[in-house]
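**Q** To be precise about what I am sending: the file is called model-v6.cif and holds mmCIF, C-alpha atoms.
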data_my_file
loop_
_atom_site.label_atom_id
_atom_site.label_comp_id
_atom_site.auth_asym_id
_atom_site.auth_seq_id
_atom_site.Cartn_x
_atom_site.Cartn_y
_atom_site.Cartn_z
CA MET A 26 328.97 193.21 165.21
CA THR A 27 331.59 190.93 166.68
CA GLY A 28 333.31 191.51 170.00
CA ASP A 29 336.90 192.06 168.93
CA ALA A 30 338.67 195.39 169.19
CA ALA A 31 339.41 195.48 165.45
CA ALA A 32 335.67 195.31 164.66
CA PHE A 33 335.07 198.10 167.18
CA ASP A 34 337.74 200.31 165.63
CA ARG A 35 336.45 199.71 162.09
CA PHE A 36 332.89 200.48 163.12
CA VAL A 37 333.86 203.64 165.02
CA GLU A 38 336.22 204.90 162.33
CA HIS A 39 333.63 204.42 159.58
CA PHE A 40 330.60 205.83 161.34
CA ARG A 41 332.42 208.58 163.25
CA ALA A 42 333.57 210.12 159.96
CA LYS A 43 330.12 209.73 158.35
CA ILE A 44 328.28 211.22 161.32
CA PHE A 45 330.81 214.00 161.69
CA GLN A 46 330.49 215.00 158.02
CA TYR A 47 326.69 214.92 158.11
CA SER A 48 326.62 216.86 161.38
CA TRP A 49 329.10 219.49 160.26
CA LEU A 50 327.01 220.18 157.17
CA MET A 51 323.88 220.31 159.31
CA CYS A 52 325.18 222.11 162.42
CA GLY A 53 327.82 224.26 160.74
CA GLN A 54 330.27 223.99 163.64
CA ARG A 55 333.19 221.57 163.89
CA GLU A 56 332.94 221.33 167.66
CA ASP A 57 329.20 220.52 167.52
CA ALA A 58 329.83 217.91 164.83
CA GLU A 59 332.53 216.24 166.96
CA ASP A 60 330.09 216.16 169.92
CA VAL A 61 327.28 214.77 167.77
CA ALA A 62 329.54 211.99 166.47
CA GLN A 63 330.58 210.97 169.98
CA ASP A 64 327.04 211.21 171.41
CA THR A 65 325.59 209.26 168.50
CA LEU A 66 328.05 206.39 168.81
CA MET A 67 327.53 206.21 172.58
CA LYS A 68 323.77 206.15 172.13
CA ALA A 69 324.05 203.52 169.37
CA PHE A 70 326.05 201.16 171.60
CA GLU A 71 323.83 201.82 174.61
CA SER A 72 320.57 201.22 172.77
CA PHE A 73 321.67 198.60 170.26
CA ASP A 74 318.99 196.23 171.57
CA GLN A 75 316.40 198.64 170.13
CA LEU A 76 317.65 198.09 166.59
CA ARG A 77 314.94 195.84 165.15
CA GLU A 78 316.49 195.25 161.75
CA PRO A 79 320.31 194.88 161.99
CA GLU A 80 320.62 195.23 158.20
CA ARG A 81 319.28 198.76 158.62
CA VAL A 82 322.00 199.91 160.97
CA ARG A 83 322.94 202.90 158.75
CA PRO A 84 319.51 204.58 158.73
CA TRP A 85 319.15 203.76 162.44
CA ILE A 86 322.46 205.49 163.27
CA PHE A 87 321.66 208.47 161.06
CA ARG A 88 318.35 208.84 162.86
CA ILE A 89 320.21 209.05 166.18
CA ALA A 90 322.64 211.56 164.63
CA ARG A 91 319.80 213.63 163.22
CA ASN A 92 318.17 213.84 166.67
CA ALA A 93 321.51 214.80 168.23
CA CYS A 94 321.85 217.56 165.60
CA LEU A 95 318.38 218.82 166.45
CA MET A 96 319.37 219.04 170.12
CA LYS A 97 322.42 221.10 169.12
CA ARG A 98 320.28 223.24 166.91
CA ARG A 99 318.04 224.18 169.82
CA LYS A 100 321.11 225.49 171.60
CA SER A 101 322.48 227.64 168.79
CA ASP A 102 321.46 230.19 166.18
CA PHE A 103 320.31 228.73 162.91
CA ALA A 104 319.14 230.50 159.81
CA PRO A 105 315.32 230.56 159.57
CA GLN A 106 313.72 227.97 157.32
CA HIS A 107 313.53 228.97 153.70
CA GLU A 108 311.21 227.15 151.35
CA LEU A 109 312.46 226.45 147.85
CA SER A 110 309.85 226.72 145.11
CA LEU A 111 309.98 224.99 141.75
CA ASP A 112 309.52 228.25 139.88
CA GLU A 113 312.81 229.70 141.03
CA PHE A 114 314.63 226.86 139.26
CA LEU A 115 312.81 226.89 135.93
CA PRO A 116 315.50 227.77 133.39
CA ALA A 117 314.80 230.71 131.14
CA MET A 118 314.04 229.98 127.48
CA GLU A 119 314.27 232.34 124.58
CA ARG A 120 313.15 232.14 121.01
CA GLU A 121 315.82 232.75 118.43
CA GLY A 122 314.98 232.45 114.75
CA GLY A 123 312.03 230.15 115.42
CA ARG A 124 314.08 227.93 117.71
CA ILE A 125 313.66 227.63 121.46
CA GLN A 126 316.90 228.11 123.30
CA LEU A 127 317.44 226.99 126.87
CA GLN A 128 319.44 229.43 128.94
CA ILE A 129 321.77 227.05 130.71
CA ALA A 130 325.52 226.47 130.64
CA ASP A 131 327.29 223.88 128.50
CA TRP A 132 327.28 220.77 130.69
CA SER A 133 329.37 218.80 128.22
CA GLY A 134 332.39 220.66 129.59
CA LEU A 135 332.26 219.06 133.04
CA PRO A 136 335.67 218.52 134.62
CA ASP A 137 337.03 215.00 134.43
CA ARG A 138 337.04 212.58 137.36
CA ARG A 139 340.46 213.70 138.61
CA MET A 140 339.43 217.32 138.75
CA LEU A 141 336.14 216.32 140.31
CA GLN A 142 338.01 215.16 143.37
CA THR A 143 339.21 218.66 144.07
CA GLU A 144 337.51 221.42 142.11
CA MET A 145 334.00 219.99 141.81
CA ASN A 146 334.06 218.63 145.33
CA GLY A 147 334.67 222.16 146.55
CA VAL A 148 331.85 223.55 144.42
CA LEU A 149 329.48 220.84 145.68
CA ASN A 150 330.58 221.49 149.24
CA ARG A 151 329.45 225.09 148.88
CA ALA A 152 326.30 224.24 146.90
CA ILE A 153 325.07 221.59 149.35
CA GLY A 154 326.23 223.63 152.34
CA GLU A 155 324.09 226.57 151.22
CA LEU A 156 320.86 224.56 150.95
CA PRO A 157 318.22 225.25 153.60
CA GLU A 158 318.46 222.63 156.34
CA ALA A 159 315.21 220.82 155.46
CA TYR A 160 316.46 220.20 151.91
CA LYS A 161 320.09 219.59 152.78
CA SER A 162 319.24 216.77 155.19
CA VAL A 163 317.18 214.99 152.52
CA MET A 164 319.87 215.37 149.87
CA LEU A 165 322.60 214.13 152.21
CA MET A 166 320.60 211.03 153.05
CA ARG A 167 319.38 210.25 149.53
CA ASP A 168 322.16 211.29 147.17
CA VAL A 169 325.27 211.31 149.36
CA GLU A 170 324.55 208.43 151.74
CA ASP A 171 322.46 206.58 149.18
CA LEU A 172 319.62 205.73 151.56
CA SER A 173 316.29 204.83 149.94
CA THR A 174 313.29 207.17 149.94
CA GLN A 175 311.67 205.01 152.62
CA GLU A 176 314.80 204.94 154.82
CA THR A 177 315.24 208.71 154.46
CA ALA A 178 311.61 209.25 155.45
CA GLN A 179 312.17 207.14 158.57
CA VAL A 180 315.42 208.90 159.50
CA LEU A 181 313.94 212.37 159.12
CA ASP A 182 310.37 211.68 160.31
CA LEU A 183 308.87 212.73 157.00
CA SER A 184 306.42 211.18 154.57
CA GLU A 185 307.91 209.63 151.44
CA ASP A 186 306.14 212.27 149.33
CA VAL A 187 307.82 215.06 151.27
CA VAL A 188 311.19 213.33 150.84
CA LYS A 189 310.61 213.19 147.06
CA THR A 190 309.54 216.83 146.88
CA ARG A 191 312.45 218.12 148.94
CA LEU A 192 314.97 215.96 147.14
CA HIS A 193 313.85 217.29 143.78
CA ARG A 194 314.05 220.92 144.90
CA ALA A 195 317.43 220.35 146.54
CA ARG A 196 318.74 218.81 143.31
CA LEU A 197 317.35 221.71 141.29
CA ALA A 198 319.02 224.19 143.63
CA VAL A 199 322.37 222.39 143.39
CA ARG A 200 321.96 222.05 139.62
CA LYS A 201 321.42 225.79 139.36
CA MET A 202 324.53 226.53 141.40
CA LEU A 203 326.59 224.10 139.32
CA ASP A 204 325.13 225.68 136.19
CA GLU A 205 326.28 229.11 137.33
CA TYR A 206 329.72 227.71 138.12
CA LEU A 207 329.99 226.01 134.72
CA GLY A 208 328.75 229.18 132.99
CA THR A 209 331.53 231.15 134.64
CA ARG A 210 334.12 228.47 133.96
CA THR A 211 333.30 228.19 130.26
CA GLY A 212 332.84 231.91 129.73
CA GLY A 213 329.10 231.98 130.25
CA GLY A 214 328.24 230.13 127.05
CA GLN A 215 324.62 229.09 126.71
CA HIS A 216 323.35 226.42 124.43
CA GLY A 217 320.49 224.06 123.74
CA THR A 218 318.04 224.44 120.93
CA ALA A 219 314.76 223.00 119.80
CA MET B 8 302.95 220.77 119.04
CA GLU B 9 301.92 224.33 119.85
CA PRO B 10 304.34 226.41 121.93
CA HIS B 11 301.92 226.68 124.89
CA GLU B 12 301.38 222.89 124.87
CA ARG B 13 305.10 222.33 124.90
CA SER B 14 305.43 224.74 127.80
CA GLU B 15 302.79 222.89 129.85
CA LYS B 16 304.38 219.52 129.19
CA CYS B 17 307.87 220.87 129.82
CA ARG B 18 306.70 222.13 133.20
CA GLU B 19 305.25 218.75 134.05
CA VAL B 20 308.50 217.04 133.06
CA PHE B 21 310.42 219.62 135.06
CA SER B 22 308.38 218.91 138.20
CA LEU B 23 308.73 215.12 137.97
CA LEU B 24 312.32 214.76 136.78
CA SER B 25 313.82 213.47 140.01
CA GLU B 26 311.18 210.80 140.36
CA TYR B 27 311.82 209.88 136.73
CA LEU B 28 315.59 209.65 137.28
CA ASN B 29 315.04 207.64 140.49
CA LEU B 30 312.78 205.19 138.61
CA GLU B 31 309.99 206.05 141.05
CA LEU B 32 307.33 206.98 138.51
CA PRO B 33 304.52 204.61 137.53
CA PRO B 34 305.29 202.96 134.15
CA GLU B 35 302.65 204.94 132.25
CA ALA B 36 303.85 208.31 133.56
CA CYS B 37 307.39 207.24 132.75
CA ARG B 38 306.46 206.40 129.16
CA GLU B 39 304.70 209.75 128.78
CA MET B 40 307.76 211.59 130.05
CA GLU B 41 310.05 209.70 127.71
CA ALA B 42 307.78 210.36 124.75
CA HIS B 43 307.87 214.09 125.45
CA ILE B 44 311.58 214.29 126.22
CA ALA B 45 312.45 212.43 123.03
CA GLY B 46 310.96 215.25 120.96
CA CYS B 47 311.99 218.24 123.06
CA ALA B 48 315.64 219.33 122.90
CA PRO B 49 315.45 221.74 125.87
CA CYS B 50 313.99 218.95 128.04
CA VAL B 51 316.71 216.57 126.86
CA GLU B 52 319.33 219.09 127.84
CA PHE B 53 317.79 219.95 131.18
CA THR B 54 317.25 216.27 132.03
CA GLU B 55 320.88 215.57 131.19
CA SER B 56 322.09 218.43 133.40
CA LEU B 57 320.00 217.17 136.32
CA ARG B 58 321.19 213.59 135.75
CA LYS B 59 324.78 214.83 135.88
CA THR B 60 324.01 216.81 139.04
CA VAL B 61 322.75 213.64 140.73
CA GLU B 62 325.80 211.72 139.51
CA LEU B 63 328.11 214.41 140.92
CA CYS B 64 326.27 214.42 144.24
CA ARG B 65 326.70 210.65 144.47
CA GLN B 66 330.45 211.03 143.89
CA TYR B 67 330.70 213.92 146.32
CA ARG B 68 332.59 213.21 149.50
CA PRO B 69 332.58 215.85 152.22
CA GLU B 70 336.12 217.10 152.71
CA ALA B 71 336.05 217.57 156.46
CA MET B 72 337.29 214.78 158.69
CA PRO B 73 336.96 214.66 162.48
CA THR B 74 340.03 215.17 164.62
CA PRO B 75 341.64 211.90 165.77
CA LEU B 76 339.64 210.22 168.51
CA GLU B 77 341.12 211.08 171.91
CA ALA B 78 342.04 208.19 174.21
CA ALA B 79 339.44 209.11 176.83
CA ALA B 80 336.65 209.33 174.23
CA ARG B 81 337.72 205.98 172.72
CA GLU B 82 337.70 204.35 176.18
CA GLN B 83 334.21 205.69 176.81
CA LEU B 84 332.97 204.24 173.51
CA LEU B 85 334.80 200.96 174.02
CA GLY B 86 333.20 200.57 177.44
CA ALA B 87 329.73 201.06 175.95
CA TYR B 88 330.59 198.70 173.09
CA ARG B 89 331.71 195.94 175.48
CA LYS B 90 328.51 196.31 177.51
CA MET B 91 326.53 196.08 174.29
CA ILE B 92 328.37 192.90 173.23
CA ALA B 93 327.89 191.35 176.69
CA GLY B 94 324.16 192.01 176.42
CA LEU B 95 323.73 190.39 173.02
CA PRO B 96 322.12 186.93 172.90
CA ASP B 97 324.76 184.18 172.75
CA THR B 98 324.84 183.00 169.15
CA GLN B 99 327.54 180.36 169.67
CA PRO B 100 326.40 176.70 169.35
#
Starting from the coordinates I provided, produce the structure as structure tokens.
**A**
Amino acid sequence: MTGDAAAFDRFVEHFRAKIFQYSWLMCGQREDAEDVAQDTLMKAFESFDQLREPERVRPWIFRIARNACLMKRRKSDFAPQHELSLDEFLPAMEREGGRIQLQIADWSGLPDRRMLQTEMNGVLNRAIGELPEAYKSVMLMRDVEDLSTQETAQVLDLSEDVVKTRLHRARLAVRKMLDEYLGTRTGGGQHGTA
Amino acid sequence: MEPHERSEKCREVFSLLSEYLNLELPPEACREMEAHIAGCAPCVEFTESLRKTVELCRQYRPEAMPTPLEAAAREQLLGAYRKMIAGLPDTQP
């Protein structure tokens, strides 16, 4: 980071929005998310000398944000942890005339990119927002922030195997919610044969 | 392939799909998955739906934005930032 005010403003604008969005999804309260963003940036500037690998500033900052969220969580009511099991996401299959049919929606009818910006973004907002916290945090780091498995494990104090397991279940849960949405949107059509 | 064999293999594919899509599986396990998926239409379809889910999640941008930074909060951050810069080793020649 350089010392000029423009670099400061760019850094703050970029990370404040990122931290706020992560924190709002994790804490569920706008006011808490605003506090977490401010506290995280203060802590990052105050303890910058502790950053061992400057190229890993993003995971380092998200780790600070995650800890700030945990502090907020201790002060407020959160839904109890809910474990997601693989079995609840196994799609039903039925045999029809000797063919195996998968009971899922028609995914070829996904909205185009323009619609994705509005309609699908709203659906994803709900789908990701409804994930249990332990799964949501992994999905936000891996699929939204594009951190690696190793970086996510470091941010969240988890083993890489746990990150992989939770990511998969979070994806399956979101897939199921998108599937239900697409089924409704396309009139509930099922397809897929073997 | 017998139906029960297909079911076992489908379950295995189902449990490892994210690692497969993330290219995190060992090469041999990856080849086995691909060999099964190639001959199993339901697995093709489910894999495709999960791949699209991941793609959508990567395009997803949370809608909420923070309120504009208040002057006092900006000053507080700028003060900490300047202290941080002052404490950095001098990299100038």
**Q** What is the distance, in Å and to one decimal place, between CA of Pro116 (chain A) and CA of Lys201 (chain A)?
**A**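 It comes out at 8.6 Å.
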**Q** Taking the file as I've supplied it (selection: the PyMOL selection byres ((chain A) within 7 of (chain B))), which residues are included? Please answer as an NGL selection string.
**A** :A and (28 or 42 or 45-46 or 59 or 67 or 70-71 or 73 or 127 or 132 or 146 or 150 or 168-169 or 193 or 200 or 217-219)
**Q** Take the selection from the previous step and output its residues with C-alpha atoms, as a CSV table (one decimal), keeping the file's coordinate frame.
**A**
chain,number,residue,atom,x,y,z
A,28,GLY,CA,333.3,191.5,170.0
A,42,ALA,CA,333.6,210.1,160.0
A,45,PHE,CA,330.8,214.0,161.7
A,46,GLN,CA,330.5,215.0,158.0
A,59,GLU,CA,332.5,216.2,167.0
A,67,MET,CA,327.5,206.2,172.6
A,70,PHE,CA,326.0,201.2,171.6
A,71,GLU,CA,323.8,201.8,174.6
A,73,PHE,CA,321.7,198.6,170.3
A,127,LEU,CA,317.4,227.0,126.9
A,132,TRP,CA,327.3,220.8,130.7
A,146,ASN,CA,334.1,218.6,145.3
A,150,ASN,CA,330.6,221.5,149.2
A,168,ASP,CA,322.2,211.3,147.2
A,169,VAL,CA,325.3,211.3,149.4
A,193,HIS,CA,313.8,217.3,143.8
A,200,ARG,CA,322.0,222.0,139.6
A,217,GLY,CA,320.5,224.1,123.7
A,218,THR,CA,318.0,224.4,120.9
A,219,ALA,CA,314.8,223.0,119.8
**Q** Just how far from CA of Met202 (chain A) is CA of Gly147 (chain A), in Å to one decimal?
**A**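 Pair CA of Gly147 (chain A) / CA of Met202 (chain A) returns 12.2 Å.
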**Q** Can you list what the PyMOL selection byres ((chain A and resi 152) around 9) grabs from this structure, as a list of chain:residue names?
**A**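 Matching residues under the PyMOL selection byres ((chain A and resi 152) around 9) are A:Gly147, A:Val148, A:Leu149, A:Asn150, A:Arg151, A:Ile153, A:Gly154, A:Glu155, A:Leu156, A:Ala198, A:Val199, A:Arg200, A:Met202, A:Leu203.
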**Q** Write out as AutoDock Vina command-line options an axis-aligned box for region 159-178 of chain A: all of its atoms listed in the file, 8 Å added on each side, centre and edge lengths in Å with one decimal.
**A**
--center_x 318.4 --center_y 212.8 --center_z 151.3 --size_x 29.7 --size_y 32.0 --size_z 24.3
**Q** On this structure, the PyMOL selection byres ((chain A and resi 66) around 9) would catch which residues? List them as number ranges by chain, sorted by chain and number.
**A** A: 37, 40-41, 44, 61-65, 67-71, 86, 89-90; B: 84
**Q** Counting all atoms listed in the file, which of B:Leu30, B:Thr54, B:Glu15, B:Glu35 gets nearest to Lys189 (chain A)?
**A**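 Looking only at the distances to Lys189 (chain A), the closest residue turns out to be B:Leu30.
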**Q** If you count only C-alpha atoms, which residues fall within 8 Å of Arg194 (chain A), apart from same-chain ones fewer than 6 positions away, as a list in words?
**A**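 Contacts, with the query itself left out: Leu109, Ser110, Leu111 and Tyr160 of chain A.
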**Q** Quick check, in Å to one decimal: how far apart do CA of Met164 (chain A) and CA of Thr190 (chain A) lie?
**A**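 Those two atoms sit 10.9 Å apart.
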**Q** For Arg98 (chain A), which of A:Glu205, A:Glu119, A:Asp57, A:Glu38 is the closest residue, counting all atoms listed in the file?
**A** A:Asp57
**Q** Pick out the closest residue to Phe87 (chain A) from this set: A:Leu165, A:Leu192, A:Leu197, A:Val187. Count only C-alpha atoms.
**A**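 Comparing A:Leu165, A:Leu192, A:Leu197, A:Val187 against Phe87 (chain A), the winner is A:Leu165.
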**Q** Leaving out Arg83 (chain A) and any residue of its chain fewer than 3 positions from it, which residues lie within 10 Å of it when counting only C-alpha atoms, given as a count of residues only?
**A** 11
**Q** Reconstruct N, CA and C atoms of region 74-97 of chain A from the incomplete input and present them as a compact mmCIF listing (two decimals), in the coordinates of the input.
**A**
# COMPACT_ATOMS: atom_id res chain seq x y z
N ASP A 74 320.07 197.23 171.48
CA ASP A 74 318.99 196.23 171.57
C ASP A 74 317.68 196.76 170.99
N GLN A 75 317.63 198.07 170.73
CA GLN A 75 316.40 198.64 170.13
C GLN A 75 316.42 198.59 168.61
N LEU A 76 317.55 198.19 168.05
CA LEU A 76 317.65 198.09 166.59
C LEU A 76 316.92 196.81 166.15
N ARG A 77 315.78 197.00 165.51
CA ARG A 77 314.94 195.84 165.15
C ARG A 77 315.46 195.11 163.91
N GLU A 78 316.03 195.88 162.99
CA GLU A 78 316.49 195.25 161.75
C GLU A 78 317.99 195.56 161.59
N PRO A 79 318.85 194.62 162.02
CA PRO A 79 320.31 194.88 161.99
C PRO A 79 320.83 195.28 160.61
N GLU A 80 320.16 194.85 159.54
CA GLU A 80 320.62 195.23 158.20
C GLU A 80 320.35 196.70 157.91
N ARG A 81 319.57 197.33 158.80
CA ARG A 81 319.28 198.76 158.62
C ARG A 81 320.02 199.62 159.64
N VAL A 82 321.24 199.19 159.95
CA VAL A 82 322.00 199.91 160.97
C VAL A 82 322.33 201.33 160.52
N ARG A 83 322.59 201.54 159.23
CA ARG A 83 322.94 202.90 158.75
C ARG A 83 321.81 203.90 158.96
N PRO A 84 320.58 203.62 158.45
CA PRO A 84 319.51 204.58 158.73
C PRO A 84 319.24 204.76 160.22
N TRP A 85 319.39 203.68 160.99
CA TRP A 85 319.15 203.76 162.44
C TRP A 85 320.16 204.73 163.08
N ILE A 86 321.42 204.61 162.70
CA ILE A 86 322.46 205.49 163.27
C ILE A 86 322.26 206.93 162.79
N PHE A 87 321.89 207.11 161.54
CA PHE A 87 321.66 208.47 161.06
C PHE A 87 320.45 209.11 161.75
N ARG A 88 319.51 208.28 162.13
CA ARG A 88 318.35 208.84 162.86
C ARG A 88 318.81 209.36 164.23
N ILE A 89 319.67 208.59 164.88
CA ILE A 89 320.21 209.05 166.18
C ILE A 89 321.00 210.35 165.97
N ALA A 90 321.82 210.37 164.91
CA ALA A 90 322.64 211.56 164.63
C ALA A 90 321.76 212.77 164.32
N ARG A 91 320.71 212.53 163.58
CA ARG A 91 319.80 213.63 163.22
C ARG A 91 319.18 214.22 164.49
N ASN A 92 318.76 213.34 165.42
CA ASN A 92 318.17 213.84 166.67
C ASN A 92 319.21 214.60 167.50
N ALA A 93 320.44 214.11 167.49
CA ALA A 93 321.51 214.80 168.23
C ALA A 93 321.76 216.18 167.61
N CYS A 94 321.69 216.26 166.29
CA CYS A 94 321.85 217.56 165.60
C CYS A 94 320.73 218.51 166.00
N LEU A 95 319.51 217.97 166.08
CA LEU A 95 318.38 218.82 166.45
C LEU A 95 318.56 219.38 167.85
N MET A 96 319.11 218.57 168.76
CA MET A 96 319.37 219.04 170.12
C MET A 96 320.38 220.18 170.08
N LYS A 97 321.42 220.03 169.26
CA LYS A 97 322.42 221.10 169.12
C LYS A 97 321.78 222.35 168.54
